[in-house]
$ cat work_19.cif   # mmCIF, C-alpha atoms
data_coords
#
loop_
_atom_site.group_PDB
_atom_site.id
_atom_site.type_symbol
_atom_site.label_atom_id
_atom_site.label_comp_id
_atom_site.auth_asym_id
_atom_site.auth_seq_id
_atom_site.Cartn_x
_atom_site.Cartn_y
_atom_site.Cartn_z
ATOM 1 C CA MET A 2 139.146 195.107 -146.516
ATOM 2 C CA ALA A 3 141.525 192.734 -148.310
ATOM 3 C CA TRP A 4 144.193 190.900 -146.312
ATOM 4 C CA LEU A 5 146.834 191.790 -148.874
ATOM 5 C CA GLY A 6 147.773 195.424 -149.392
ATOM 6 C CA THR A 7 146.037 196.983 -152.398
ATOM 7 C CA VAL A 8 145.859 200.417 -154.025
ATOM 8 C CA SER A 9 142.522 201.848 -155.078
ATOM 9 C CA ARG A 10 141.946 203.639 -158.341
ATOM 10 C CA ALA A 11 141.663 206.955 -156.446
ATOM 11 C CA ASP A 12 145.097 206.497 -154.880
ATOM 12 C CA ALA A 13 146.844 205.121 -157.957
ATOM 13 C CA THR A 14 149.637 207.107 -159.569
ATOM 14 C CA GLY A 15 152.202 206.510 -162.299
ATOM 15 C CA ALA A 16 152.390 203.027 -163.801
ATOM 16 C CA LEU A 17 149.465 201.729 -161.752
ATOM 17 C CA ALA A 18 147.198 204.582 -162.800
ATOM 18 C CA GLU A 19 148.158 203.876 -166.406
ATOM 19 C CA ALA A 20 147.481 200.168 -165.955
ATOM 20 C CA TYR A 21 144.042 200.867 -164.470
ATOM 21 C CA THR A 22 143.234 203.184 -167.375
ATOM 22 C CA ALA A 23 144.337 200.549 -169.881
ATOM 23 C CA MET A 24 142.176 197.934 -168.185
ATOM 24 C CA ASP A 25 139.190 200.261 -168.257
ATOM 25 C CA SER A 26 139.514 200.537 -172.016
ATOM 26 C CA ARG A 27 139.137 196.779 -172.569
ATOM 27 C CA PRO A 28 135.990 195.874 -174.531
ATOM 28 C CA LEU A 29 134.081 194.086 -171.771
ATOM 29 C CA PRO A 30 130.358 193.664 -171.098
ATOM 30 C CA ALA A 31 129.002 196.258 -168.672
ATOM 31 C CA VAL A 32 128.227 193.605 -166.061
ATOM 32 C CA TYR A 33 131.946 193.278 -165.314
ATOM 33 C CA ARG A 34 132.196 196.863 -164.092
ATOM 34 C CA PRO A 35 131.488 197.085 -160.358
ATOM 35 C CA ARG A 36 128.981 199.735 -159.308
ATOM 36 C CA HIS A 37 131.295 200.987 -156.558
ATOM 37 C CA GLY A 38 133.387 202.636 -159.281
ATOM 38 C CA ASP A 39 136.752 201.315 -158.120
ATOM 39 C CA ALA A 40 138.649 198.632 -159.993
ATOM 40 C CA ALA A 41 137.280 195.136 -159.344
ATOM 41 C CA GLY A 42 138.803 193.381 -156.346
ATOM 42 C CA ILE A 43 140.620 190.782 -158.452
ATOM 43 C CA ILE A 44 142.330 193.607 -160.337
ATOM 44 C CA ARG A 45 143.161 195.549 -157.163
ATOM 45 C CA ALA A 46 144.668 192.344 -155.721
ATOM 46 C CA HIS A 47 147.461 192.767 -158.288
ATOM 47 C CA SER A 48 147.876 196.506 -157.729
ATOM 48 C CA LEU A 49 151.186 196.326 -155.830
ATOM 49 C CA ASP A 50 152.816 195.343 -159.110
ATOM 50 C CA PRO A 51 151.436 197.115 -162.198
ATOM 51 C CA GLU A 52 153.661 194.982 -164.440
ATOM 52 C CA LEU A 53 152.080 191.817 -163.055
ATOM 53 C CA LEU A 54 148.669 193.332 -163.722
ATOM 54 C CA LYS A 55 149.684 194.032 -167.314
ATOM 55 C CA ARG A 56 151.003 190.477 -167.804
ATOM 56 C CA THR A 57 148.091 188.631 -166.210
ATOM 57 C CA PHE A 58 144.895 190.044 -167.632
ATOM 58 C CA PRO A 59 145.800 189.747 -171.330
ATOM 59 C CA VAL A 60 145.498 185.992 -170.814
ATOM 60 C CA SER A 61 141.816 186.249 -169.993
ATOM 61 C CA GLY A 62 141.509 188.687 -172.910
ATOM 62 C CA ALA A 63 143.067 186.110 -175.221
ATOM 63 C CA LEU A 64 140.683 183.452 -173.924
ATOM 64 C CA ARG A 65 137.699 185.712 -174.591
ATOM 65 C CA ALA A 66 138.925 186.301 -178.135
ATOM 66 C CA THR A 67 139.029 182.601 -179.033
ATOM 67 C CA GLY A 68 135.387 182.472 -180.073
ATOM 68 C CA LEU A 69 134.217 180.348 -177.153
ATOM 69 C CA PRO A 70 130.599 181.489 -176.592
ATOM 70 C CA TRP A 71 130.211 183.830 -173.611
ATOM 71 C CA PRO A 72 127.693 181.582 -171.786
ATOM 72 C CA ASP A 73 130.154 178.668 -172.089
ATOM 73 C CA TYR A 74 132.982 180.868 -170.762
ATOM 74 C CA GLU A 75 130.936 181.903 -167.739
ATOM 75 C CA LEU A 76 129.668 178.388 -167.105
ATOM 76 C CA LEU A 77 133.244 177.095 -167.004
ATOM 77 C CA ALA A 78 134.336 179.994 -164.782
ATOM 78 C CA GLY A 79 131.384 179.574 -162.408
ATOM 79 C CA THR A 80 131.777 175.810 -162.140
ATOM 80 C CA THR A 81 135.494 176.157 -161.478
ATOM 81 C CA SER A 82 134.833 178.730 -158.764
ATOM 82 C CA ARG A 83 132.246 176.502 -157.158
ATOM 83 C CA ALA A 84 134.563 173.484 -157.204
ATOM 84 C CA ASN A 85 137.106 175.655 -155.400
ATOM 85 C CA GLN A 86 134.452 176.937 -152.948
ATOM 86 C CA CYS A 87 135.219 180.487 -154.041
ATOM 87 C CA PHE A 88 132.815 183.398 -154.481
ATOM 88 C CA TYR A 89 134.837 184.839 -157.322
ATOM 89 C CA MET B 27 127.442 183.523 -160.848
ATOM 90 C CA GLU B 28 126.097 186.941 -161.768
ATOM 91 C CA PHE B 29 128.130 186.993 -164.980
ATOM 92 C CA LEU B 30 126.739 183.572 -165.931
ATOM 93 C CA ARG B 31 123.206 184.776 -165.211
ATOM 94 C CA VAL B 32 123.648 187.719 -167.570
ATOM 95 C CA ALA B 33 125.562 185.726 -170.199
ATOM 96 C CA SER B 34 123.027 182.897 -170.314
ATOM 97 C CA GLY B 35 120.031 185.226 -170.222
ATOM 98 C CA ALA B 36 118.314 183.342 -167.396
ATOM 99 C CA ALA B 37 118.865 182.454 -163.772
ATOM 100 C CA ALA B 38 118.255 178.692 -164.102
ATOM 101 C CA THR B 39 121.760 177.727 -165.212
ATOM 102 C CA SER B 40 123.386 179.981 -162.599
ATOM 103 C CA LEU B 41 121.249 178.501 -159.849
ATOM 104 C CA ALA B 42 122.088 174.949 -160.927
ATOM 105 C CA VAL B 43 125.813 175.751 -160.874
ATOM 106 C CA LEU B 44 125.441 177.585 -157.575
ATOM 107 C CA GLU B 45 123.795 174.528 -156.034
ATOM 108 C CA GLY B 46 126.088 171.986 -157.700
ATOM 109 C CA ASP B 47 123.070 170.469 -159.440
ATOM 110 C CA GLU B 48 124.600 169.171 -162.669
ATOM 111 C CA ASP B 49 121.555 167.042 -163.506
ATOM 112 C CA SER B 50 119.507 170.209 -164.100
ATOM 113 C CA LEU B 51 121.940 171.494 -166.709
ATOM 114 C CA SER B 52 121.560 171.017 -170.449
ATOM 115 C CA PRO B 53 123.694 168.188 -171.896
ATOM 116 C CA ARG B 54 126.195 170.725 -173.273
ATOM 117 C CA ALA B 55 126.428 172.638 -169.999
ATOM 118 C CA ARG B 56 126.700 169.368 -168.064
ATOM 119 C CA ALA B 57 129.631 168.176 -170.194
ATOM 120 C CA LEU B 58 131.442 171.493 -169.698
ATOM 121 C CA ALA B 59 130.689 171.531 -165.974
ATOM 122 C CA ARG B 60 132.069 168.013 -165.556
ATOM 123 C CA LEU B 61 135.222 168.951 -167.425
ATOM 124 C CA ALA B 62 135.640 172.004 -165.168
ATOM 125 C CA THR B 63 134.925 170.141 -161.946
ATOM 126 C CA THR B 64 137.223 167.236 -162.773
ATOM 127 C CA LEU B 65 140.125 169.353 -164.022
ATOM 128 C CA THR B 66 139.820 171.566 -160.948
ATOM 129 C CA ALA B 67 139.328 169.018 -158.166
ATOM 130 C CA GLN B 68 140.899 165.871 -159.655
ATOM 131 C CA PRO B 69 143.159 166.957 -162.509
ATOM 132 C CA TRP B 70 144.767 163.513 -162.627
ATOM 133 C CA ALA B 71 141.358 162.012 -163.502
ATOM 134 C CA VAL B 72 140.802 163.985 -166.723
ATOM 135 C CA THR B 73 140.883 161.580 -169.671
ATOM 136 C CA SER B 74 140.272 161.757 -173.393
ATOM 137 C CA GLU B 75 136.744 160.572 -172.614
ATOM 138 C CA THR B 76 136.133 163.592 -170.358
ATOM 139 C CA VAL B 77 137.151 165.813 -173.243
ATOM 140 C CA ARG B 78 135.171 163.826 -175.828
ATOM 141 C CA ASP B 79 132.005 164.453 -173.818
ATOM 142 C CA ALA B 80 132.451 168.141 -174.625
ATOM 143 C CA VAL B 81 133.222 167.417 -178.274
ATOM 144 C CA ARG B 82 130.007 165.390 -178.549
ATOM 145 C CA GLN B 83 128.129 168.526 -177.438
ATOM 146 C CA GLY B 84 129.419 170.473 -180.412
ATOM 147 C CA LEU B 85 132.704 171.985 -179.259
ATOM 148 C CA ASP B 86 135.382 171.992 -181.936
ATOM 149 C CA ALA B 87 139.092 171.545 -181.213
ATOM 150 C CA ASP B 88 139.699 175.273 -180.763
ATOM 151 C CA HIS B 89 136.806 175.615 -178.322
ATOM 152 C CA VAL B 90 138.006 172.618 -176.329
ATOM 153 C CA GLU B 91 141.419 174.255 -175.993
ATOM 154 C CA SER B 92 139.746 177.515 -174.950
ATOM 155 C CA ALA B 93 137.531 175.720 -172.432
ATOM 156 C CA ILE B 94 140.551 174.088 -170.804
ATOM 157 C CA GLY B 95 142.249 177.493 -170.765
ATOM 158 C CA VAL B 96 139.283 179.142 -169.013
ATOM 159 C CA ILE B 97 139.197 176.425 -166.359
ATOM 160 C CA ALA B 98 142.938 176.785 -165.830
ATOM 161 C CA MET B 99 142.724 180.592 -165.644
ATOM 162 C CA PHE B 100 139.981 180.453 -163.026
ATOM 163 C CA ASN B 101 142.141 178.131 -160.963
ATOM 164 C CA TYR B 102 144.459 181.158 -160.892
ATOM 165 C CA PHE B 103 141.829 183.808 -160.144
ATOM 166 C CA THR B 104 140.127 181.828 -157.405
ATOM 167 C CA ARG B 105 143.418 181.251 -155.591
ATOM 168 C CA VAL B 106 144.361 184.914 -155.827
ATOM 169 C CA ALA B 107 140.916 185.860 -154.505
ATOM 170 C CA ASP B 108 141.096 183.347 -151.635
ATOM 171 C CA ALA B 109 144.651 184.203 -150.605
ATOM 172 C CA SER B 110 144.344 187.984 -150.867
ATOM 173 C CA GLY B 111 141.036 188.205 -148.993
ATOM 174 C CA ILE B 112 139.302 190.444 -151.525
ATOM 175 C CA GLU B 113 135.591 190.983 -151.174
ATOM 176 C CA PHE B 114 132.752 190.386 -153.626
ATOM 177 C CA ASP B 115 132.214 193.401 -155.885
ATOM 178 C CA TYR B 116 128.926 192.786 -157.596
ATOM 179 C CA GLU B 117 125.252 193.052 -156.764
ATOM 180 C CA SER B 118 123.090 190.153 -157.897
ATOM 181 C CA PRO B 119 119.513 188.909 -157.552
ATOM 182 C CA LEU B 120 120.928 185.404 -157.096
ATOM 183 C CA PRO B 121 121.375 183.932 -153.613
ATOM 184 C CA ALA B 122 124.813 184.662 -152.185
ATOM 185 C CA PHE B 123 127.228 181.750 -152.545
ATOM 186 C CA GLU B 124 128.278 180.376 -149.172
ATOM 187 C CA PRO B 125 131.616 178.569 -149.517
ATOM 188 C CA ASP B 126 131.890 175.250 -147.720
ATOM 189 C CA ARG B 127 135.173 175.840 -145.923
ATOM 190 C CA GLY B 128 134.978 172.365 -144.424
ATOM 191 C CA GLN B 129 135.263 170.740 -147.836
ATOM 192 C CA LYS B 130 138.113 168.244 -147.975
ATOM 193 C CA ALA B 131 140.433 168.086 -150.941
ATOM 194 C CA VAL B 132 140.309 164.831 -152.873
ATOM 195 C CA ALA B 133 143.240 162.630 -151.882
ATOM 196 C CA ARG B 134 146.101 162.866 -154.362
ATOM 197 C CA PRO B 135 147.209 159.603 -156.024
ATOM 198 C CA ASP B 136 150.770 158.445 -155.591
ATOM 199 C CA ARG B 137 153.238 159.386 -158.255
ATOM 200 C CA PRO B 138 153.295 156.673 -160.966
ATOM 201 C CA ALA B 139 156.518 154.958 -161.938
ATOM 202 C CA SER B 140 156.352 156.784 -165.269
ATOM 203 C CA ASP B 141 154.227 159.655 -166.529
ATOM 204 C CA VAL B 142 154.129 158.766 -170.205
ATOM 205 C CA ARG B 143 150.630 160.115 -170.871
ATOM 206 C CA THR B 144 151.139 163.707 -169.797
ATOM 207 C CA ALA B 145 154.777 163.813 -170.870
ATOM 208 C CA ALA B 146 153.928 162.777 -174.428
ATOM 209 C CA GLY B 147 150.824 164.886 -175.024
ATOM 210 C CA GLN B 148 150.656 168.475 -176.146
ATOM 211 C CA ARG B 149 150.919 170.484 -172.934
ATOM 212 C CA ARG B 150 150.756 174.021 -174.306
ATOM 213 C CA PRO B 151 148.101 175.917 -176.263
ATOM 214 C CA SER B 152 148.431 175.994 -180.041
ATOM 215 C CA ALA B 153 150.572 178.800 -181.430
ATOM 216 C CA GLY B 154 148.661 182.078 -181.363
ATOM 217 C CA PRO B 155 147.592 184.912 -179.047
ATOM 218 C CA LEU B 156 146.671 182.625 -176.145
ATOM 219 C CA ARG B 157 150.038 180.870 -176.097
ATOM 220 C CA THR B 158 151.877 184.191 -176.424
ATOM 221 C CA ALA B 159 149.901 185.798 -173.588
ATOM 222 C CA TRP B 160 150.301 182.748 -171.343
ATOM 223 C CA GLU B 161 154.048 182.482 -171.885
ATOM 224 C CA THR B 162 154.597 186.223 -171.409
ATOM 225 C CA TRP B 163 152.767 185.919 -168.077
ATOM 226 C CA ARG B 164 154.751 182.840 -167.083
ATOM 227 C CA ALA B 165 158.111 184.347 -167.967
ATOM 228 C CA TYR B 166 157.437 187.300 -165.682
ATOM 229 C CA LEU B 167 156.413 185.087 -162.771
ATOM 230 C CA LEU B 168 159.242 182.564 -163.051
ATOM 231 C CA ASP B 169 162.158 184.533 -164.475
ATOM 232 C CA THR B 170 162.169 187.726 -162.416
ATOM 233 C CA ASP B 171 164.585 188.410 -159.537
ATOM 234 C CA GLU B 172 162.433 190.796 -157.475
ATOM 235 C CA PRO B 173 160.596 190.937 -155.104
ATOM 236 C CA ILE B 174 161.326 187.213 -154.615
ATOM 237 C CA GLY B 175 164.184 185.260 -156.163
ATOM 238 C CA ARG B 176 164.065 182.757 -159.004
ATOM 239 C CA ASP B 177 164.906 179.825 -156.737
ATOM 240 C CA GLU B 178 161.965 180.670 -154.490
ATOM 241 C CA ARG B 179 159.695 180.995 -157.511
ATOM 242 C CA ARG B 180 160.672 177.568 -158.815
ATOM 243 C CA LEU B 181 160.295 176.006 -155.395
ATOM 244 C CA LEU B 182 156.776 177.446 -155.022
ATOM 245 C CA ALA B 183 155.840 176.355 -158.529
ATOM 246 C CA ARG B 184 157.284 172.897 -157.979
ATOM 247 C CA VAL B 185 155.078 172.374 -154.909
ATOM 248 C CA ALA B 186 152.035 173.584 -156.860
ATOM 249 C CA ALA B 187 152.818 171.257 -159.776
ATOM 250 C CA GLU B 188 153.210 168.308 -157.409
ATOM 251 C CA GLU B 189 149.927 169.127 -155.691
ATOM 252 C CA THR B 190 148.269 169.142 -159.114
ATOM 253 C CA THR B 191 149.958 165.778 -159.863
ATOM 254 C CA ASP B 192 151.637 167.371 -162.877
ATOM 255 C CA TRP B 193 154.778 165.310 -162.492
ATOM 256 C CA THR B 194 156.242 166.311 -165.842
ATOM 257 C CA GLY B 195 155.792 169.994 -165.030
ATOM 258 C CA ALA B 196 157.272 169.479 -161.567
ATOM 259 C CA GLU B 197 160.402 167.867 -163.014
ATOM 260 C CA GLU B 198 160.896 170.798 -165.385
ATOM 261 C CA LEU B 199 160.936 173.186 -162.430
ATOM 262 C CA GLY B 200 163.930 171.633 -160.711
ATOM 263 C CA PRO B 201 164.570 169.547 -157.605
ATOM 264 C CA ALA B 202 161.878 168.933 -155.015
ATOM 265 C CA ALA B 203 162.152 170.531 -151.587
ATOM 266 C CA SER B 204 163.733 168.245 -149.009
ATOM 267 C CA GLY B 205 162.787 167.933 -145.351
ATOM 268 C CA PRO B 206 159.736 169.359 -143.637
ATOM 269 C CA ASP B 207 157.767 172.218 -145.171
ATOM 270 C CA SER B 208 159.129 175.748 -144.712
ATOM 271 C CA PRO B 209 156.649 178.629 -144.263
ATOM 272 C CA LEU B 210 156.946 179.189 -148.008
ATOM 273 C CA THR B 211 156.302 175.615 -149.127
ATOM 274 C CA ALA B 212 153.562 175.143 -146.526
ATOM 275 C CA PHE B 213 151.823 178.219 -147.926
ATOM 276 C CA ALA B 214 152.152 176.865 -151.479
ATOM 277 C CA ARG B 215 150.768 173.482 -150.474
ATOM 278 C CA LYS B 216 147.748 174.920 -148.664
ATOM 279 C CA LEU B 217 146.896 177.388 -151.418
ATOM 280 C CA SER B 218 147.203 174.623 -154.003
ATOM 281 C CA ARG B 219 145.273 171.924 -152.173
ATOM 282 C CA GLU B 220 142.594 173.742 -150.162
ATOM 283 C CA PRO B 221 142.406 177.369 -151.298
ATOM 284 C CA TRP B 222 139.021 177.764 -149.595
ATOM 285 C CA CYS B 223 140.767 177.332 -146.223
ATOM 286 C CA MET B 224 143.073 180.336 -146.669
ATOM 287 C CA GLN B 225 142.964 182.860 -143.831
ATOM 288 C CA ALA B 226 144.474 186.245 -143.047
ATOM 289 C CA GLY B 227 146.897 184.464 -140.725
ATOM 290 C CA ASP B 228 148.471 182.654 -143.659
ATOM 291 C CA LEU B 229 149.729 185.984 -144.986
ATOM 292 C CA GLU B 230 150.840 187.011 -141.524
ATOM 293 C CA GLY B 231 153.044 183.915 -141.395
ATOM 294 C CA LEU B 232 154.846 185.099 -144.516
ATOM 295 C CA ARG B 233 155.237 188.620 -143.096
ATOM 296 C CA ILE B 234 156.795 187.163 -139.959
ATOM 297 C CA ALA B 235 159.132 185.143 -142.178
ATOM 298 C CA GLY B 236 160.308 188.451 -143.683
ATOM 299 C CA TYR B 237 158.302 188.751 -146.888
ATOM 300 C CA SER B 238 157.221 192.232 -147.935
ATOM 301 C CA GLU B 239 153.724 192.956 -149.220
ATOM 302 C CA PRO B 240 154.804 192.945 -152.905
ATOM 303 C CA ALA B 241 156.747 189.735 -152.243
ATOM 304 C CA ILE B 242 153.611 188.100 -150.820
ATOM 305 C CA LEU B 243 151.698 189.114 -153.954
ATOM 306 C CA HIS B 244 154.325 187.311 -156.019
ATOM 307 C CA VAL B 245 154.244 184.247 -153.764
ATOM 308 C CA ILE B 246 150.478 184.031 -154.230
ATOM 309 C CA SER B 247 150.683 184.657 -157.959
ATOM 310 C CA VAL B 248 153.415 182.088 -158.629
ATOM 311 C CA VAL B 249 151.505 179.373 -156.747
ATOM 312 C CA ALA B 250 148.193 180.259 -158.383
ATOM 313 C CA HIS B 251 149.812 180.503 -161.800
ATOM 314 C CA GLN B 252 151.387 177.058 -161.525
ATOM 315 C CA ASN B 253 148.046 175.595 -160.451
ATOM 316 C CA ALA B 254 146.655 177.074 -163.663
ATOM 317 C CA THR B 255 149.561 176.029 -165.886
ATOM 318 C CA SER B 256 149.617 172.462 -164.600
ATOM 319 C CA ARG B 257 145.869 172.088 -165.179
ATOM 320 C CA LEU B 258 146.277 173.573 -168.630
ATOM 321 C CA ALA B 259 148.983 171.012 -169.380
ATOM 322 C CA LEU B 260 147.059 168.046 -167.990
ATOM 323 C CA GLY B 261 143.841 169.079 -169.742
ATOM 324 C CA LEU B 262 145.501 169.651 -173.103
ATOM 325 C CA ALA B 263 147.503 166.427 -172.864
ATOM 326 C CA ALA B 264 144.330 164.439 -172.215
ATOM 327 C CA ARG B 265 142.750 165.341 -175.570
#

$ encode --input "work_19.cif" --output "structure tokens"
Amino acid sequence: MAWLGTVSRADATGALAEAYTAMDSRPLPAVYRPRHGDAAGIIRAHSLDPELLKRTFPVSGALRATGLPWPDYELLAGTTSRANQCFY
Amino acid sequence: MEFLRVASGAAATSLAVLEGDEDSLSPRARALARLATTLTAQPWAVTSETVRDAVRQGLDADHVESAIGVIAMFNYFTRVADASGIEFDYESPLPAFEPDRGQKAVARPDRPASDVRTAAGQRRPSAGPLRTAWETWRAYLLDTDEPIGRDERRLLARVAAEETTDWTGAEELGPAASGPDSPLTAFARKLSREPWCMQAGDLEGLRIAGYSEPAILHVISVVAHQNATSRLALGLAAR
């Protein structure tokens, strides 16, 4: 259970439910969709403010759309996470 | 590293990154990994030569800008993950990553008498969707009055910029905090410098200080965002 309050997809209503639906419609590789069926933890971490969710994730969408090869994107992400001693 | 395993089509690169074994990476992957590690752990040490290493491996100017953006963005995501206490979502055949919570942050250099290099360089992405998305995100985090005020936002961001040694960015955010750290600035400093040391008790300290749950989300996000923005600025200026 996260330390910060979060709202699951099942409990989401209104603007948050709409934000979750919009995020689900992003064209992402299947590997990004957790098997537990809820929104990924990093998305749920923003769930107390749907507007923040809507402002944050388009940045990673814009980065994906730049043409940087996917393996390079993931290598940079993974190396950054490791340098920060983070599982994410 | 599961996404890297799938994206690269093999486990070898993921395992090398997982183990911090840069020597086992291809020259291209090694150049990117060094850029990511340096910009993350020692942003003040990124130079034009660090960037040129990536260019020599075939990255064009647009890809270099994107690479710096990805590194910056993951300095946001990792801090949000560490501060919020979320759990890992994905199954993977790779060994689980065990964070070294005893890792020490690299000592920050003193502020130079002048910061000509980063002040003069291009500190923002080129005009286009990335710049628009980044600035829309930033405007919401710095120029909103609820659930924390603008002065608090700028104070948090200023601490994060200082911890990143982004002196130009820090100056743009307003005056530095005076006196000993408050609960707010202490939180910003810890999350900026040693995010892997964050604990549930760090959030409890903010609750005791009167911050609501949505306010704590904004505190975390402002600090993490400035860590990303300052690294973006320092990386882009180094090109």

$ resolve_selection --input "work_19.cif" --expression "the PyMOL selection byres ((chain B) within 6 of (chain A))" --output "ChimeraX atom specification"
/B:27,30,33-34,59,62-63,89,100,110-112,115-116,125,156,159-160,163,222,226,240

$ atom_distance --input "work_19.cif" --atom1 "atom CA of B:Glu189" --atom2 "atom CA of B:Ser152"
25.3 Å

$ resolve_selection --input "work_19.cif" --expression "the PyMOL selection byres ((chain B and resi 248-257) around 7)" --output "JSON, numbers by chain"
{"B": [65, 69, 98, 99, 101, 102, 105, 106, 167, 179, 182, 183, 186, 187, 190, 192, 195, 214, 218, 244, 245, 246, 247, 258, 259, 260, 261]}

$ write_last_selection --input "work_19.cif" --atoms "C-alpha atoms" --output "CSV table (one decimal), in the frame of the given file"
chain,number,residue,atom,x,y,z
B,65,LEU,CA,140.1,169.4,-164.0
B,69,PRO,CA,143.2,167.0,-162.5
B,98,ALA,CA,142.9,176.8,-165.8
B,99,MET,CA,142.7,180.6,-165.6
B,101,ASN,CA,142.1,178.1,-161.0
B,102,TYR,CA,144.5,181.2,-160.9
B,105,ARG,CA,143.4,181.3,-155.6
B,106,VAL,CA,144.4,184.9,-155.8
B,167,LEU,CA,156.4,185.1,-162.8
B,179,ARG,CA,159.7,181.0,-157.5
B,182,LEU,CA,156.8,177.4,-155.0
B,183,ALA,CA,155.8,176.4,-158.5
B,186,ALA,CA,152.0,173.6,-156.9
B,187,ALA,CA,152.8,171.3,-159.8
B,190,THR,CA,148.3,169.1,-159.1
B,192,ASP,CA,151.6,167.4,-162.9
B,195,GLY,CA,155.8,170.0,-165.0
B,214,ALA,CA,152.2,176.9,-151.5
B,218,SER,CA,147.2,174.6,-154.0
B,244,HIS,CA,154.3,187.3,-156.0
B,245,VAL,CA,154.2,184.2,-153.8
B,246,ILE,CA,150.5,184.0,-154.2
B,247,SER,CA,150.7,184.7,-158.0
B,258,LEU,CA,146.3,173.6,-168.6
B,259,ALA,CA,149.0,171.0,-169.4
B,260,LEU,CA,147.1,168.0,-168.0
B,261,GLY,CA,143.8,169.1,-169.7

$ resolve_selection --input "work_19.cif" --expression "the PyMOL selection byres ((chain B and resi 127) around 9)" --output "ChimeraX atom specification"
/A:86 /B:124-126,128-130,220,222-223

$ atom_distance --input "work_19.cif" --atom1 "atom CA of B:Gln225" --atom2 "atom CA of B:Asp108"
8.0 Å

$ residues_around --input "work_19.cif" --residues "A:Pro51" --least-positions-apart "4" --cutoff "7 Å" --atoms "all atoms listed in the file" --output "mmCIF file with C-alpha atoms, keeping the file's coordinate frame"
data_model
loop_
_atom_site.group_PDB
_atom_site.id
_atom_site.type_symbol
_atom_site.label_atom_id
_atom_site.label_comp_id
_atom_site.auth_asym_id
_atom_site.auth_seq_id
_atom_site.Cartn_x
_atom_site.Cartn_y
_atom_site.Cartn_z
ATOM 1 C CA ALA A 16 152.390 203.027 -163.801
ATOM 2 C CA LEU A 17 149.465 201.729 -161.752
ATOM 3 C CA ALA A 20 147.481 200.168 -165.955
ATOM 4 C CA LYS A 55 149.684 194.032 -167.314
#

$ axis_aligned_box --input "work_19.cif" --around "stretch 249-261 of chain B" --padding-each-side "8 Å" --output "lines of an AutoDock Vina configuration file"
center_x = 147.7
center_y = 174.3
center_z = -163.2
size_x = 23.7
size_y = 28.5
size_z = 29.0

$ atom_distance --input "work_19.cif" --atom1 "atom CA of B:Val185" --atom2 "atom CA of B:Ala203"
8.0 Å

$ residues_near_point --input "work_19.cif" --point "(149.0, 183.0, -143.0)" --cutoff "10 Å" --atoms "only C-alpha atoms" --output "PyMOL selection string"
(chain A and resi 4) or (chain B and resi 109+209+212-213+216+224-234)

$ write_last_selection --input "work_19.cif" --atoms "C-alpha atoms" --output "mmCIF file, keeping the file's coordinate frame"
data_model
loop_
_atom_site.group_PDB
_atom_site.id
_atom_site.type_symbol
_atom_site.label_atom_id
_atom_site.label_comp_id
_atom_site.auth_asym_id
_atom_site.auth_seq_id
_atom_site.Cartn_x
_atom_site.Cartn_y
_atom_site.Cartn_z
ATOM 1 C CA TRP A 4 144.193 190.900 -146.312
ATOM 2 C CA ALA B 109 144.651 184.203 -150.605
ATOM 3 C CA PRO B 209 156.649 178.629 -144.263
ATOM 4 C CA ALA B 212 153.562 175.143 -146.526
ATOM 5 C CA PHE B 213 151.823 178.219 -147.926
ATOM 6 C CA LYS B 216 147.748 174.920 -148.664
ATOM 7 C CA MET B 224 143.073 180.336 -146.669
ATOM 8 C CA GLN B 225 142.964 182.860 -143.831
ATOM 9 C CA ALA B 226 144.474 186.245 -143.047
ATOM 10 C CA GLY B 227 146.897 184.464 -140.725
ATOM 11 C CA ASP B 228 148.471 182.654 -143.659
ATOM 12 C CA LEU B 229 149.729 185.984 -144.986
ATOM 13 C CA GLU B 230 150.840 187.011 -141.524
ATOM 14 C CA GLY B 231 153.044 183.915 -141.395
ATOM 15 C CA LEU B 232 154.846 185.099 -144.516
ATOM 16 C CA ARG B 233 155.237 188.620 -143.096
ATOM 17 C CA ILE B 234 156.795 187.163 -139.959
#

$ closest_residue --input "work_19.cif" --among "B:Phe103, B:Pro151, B:Ala131, B:Ala139" --to "B:Arg215" --atoms "all atoms listed in the file"
B:Ala131
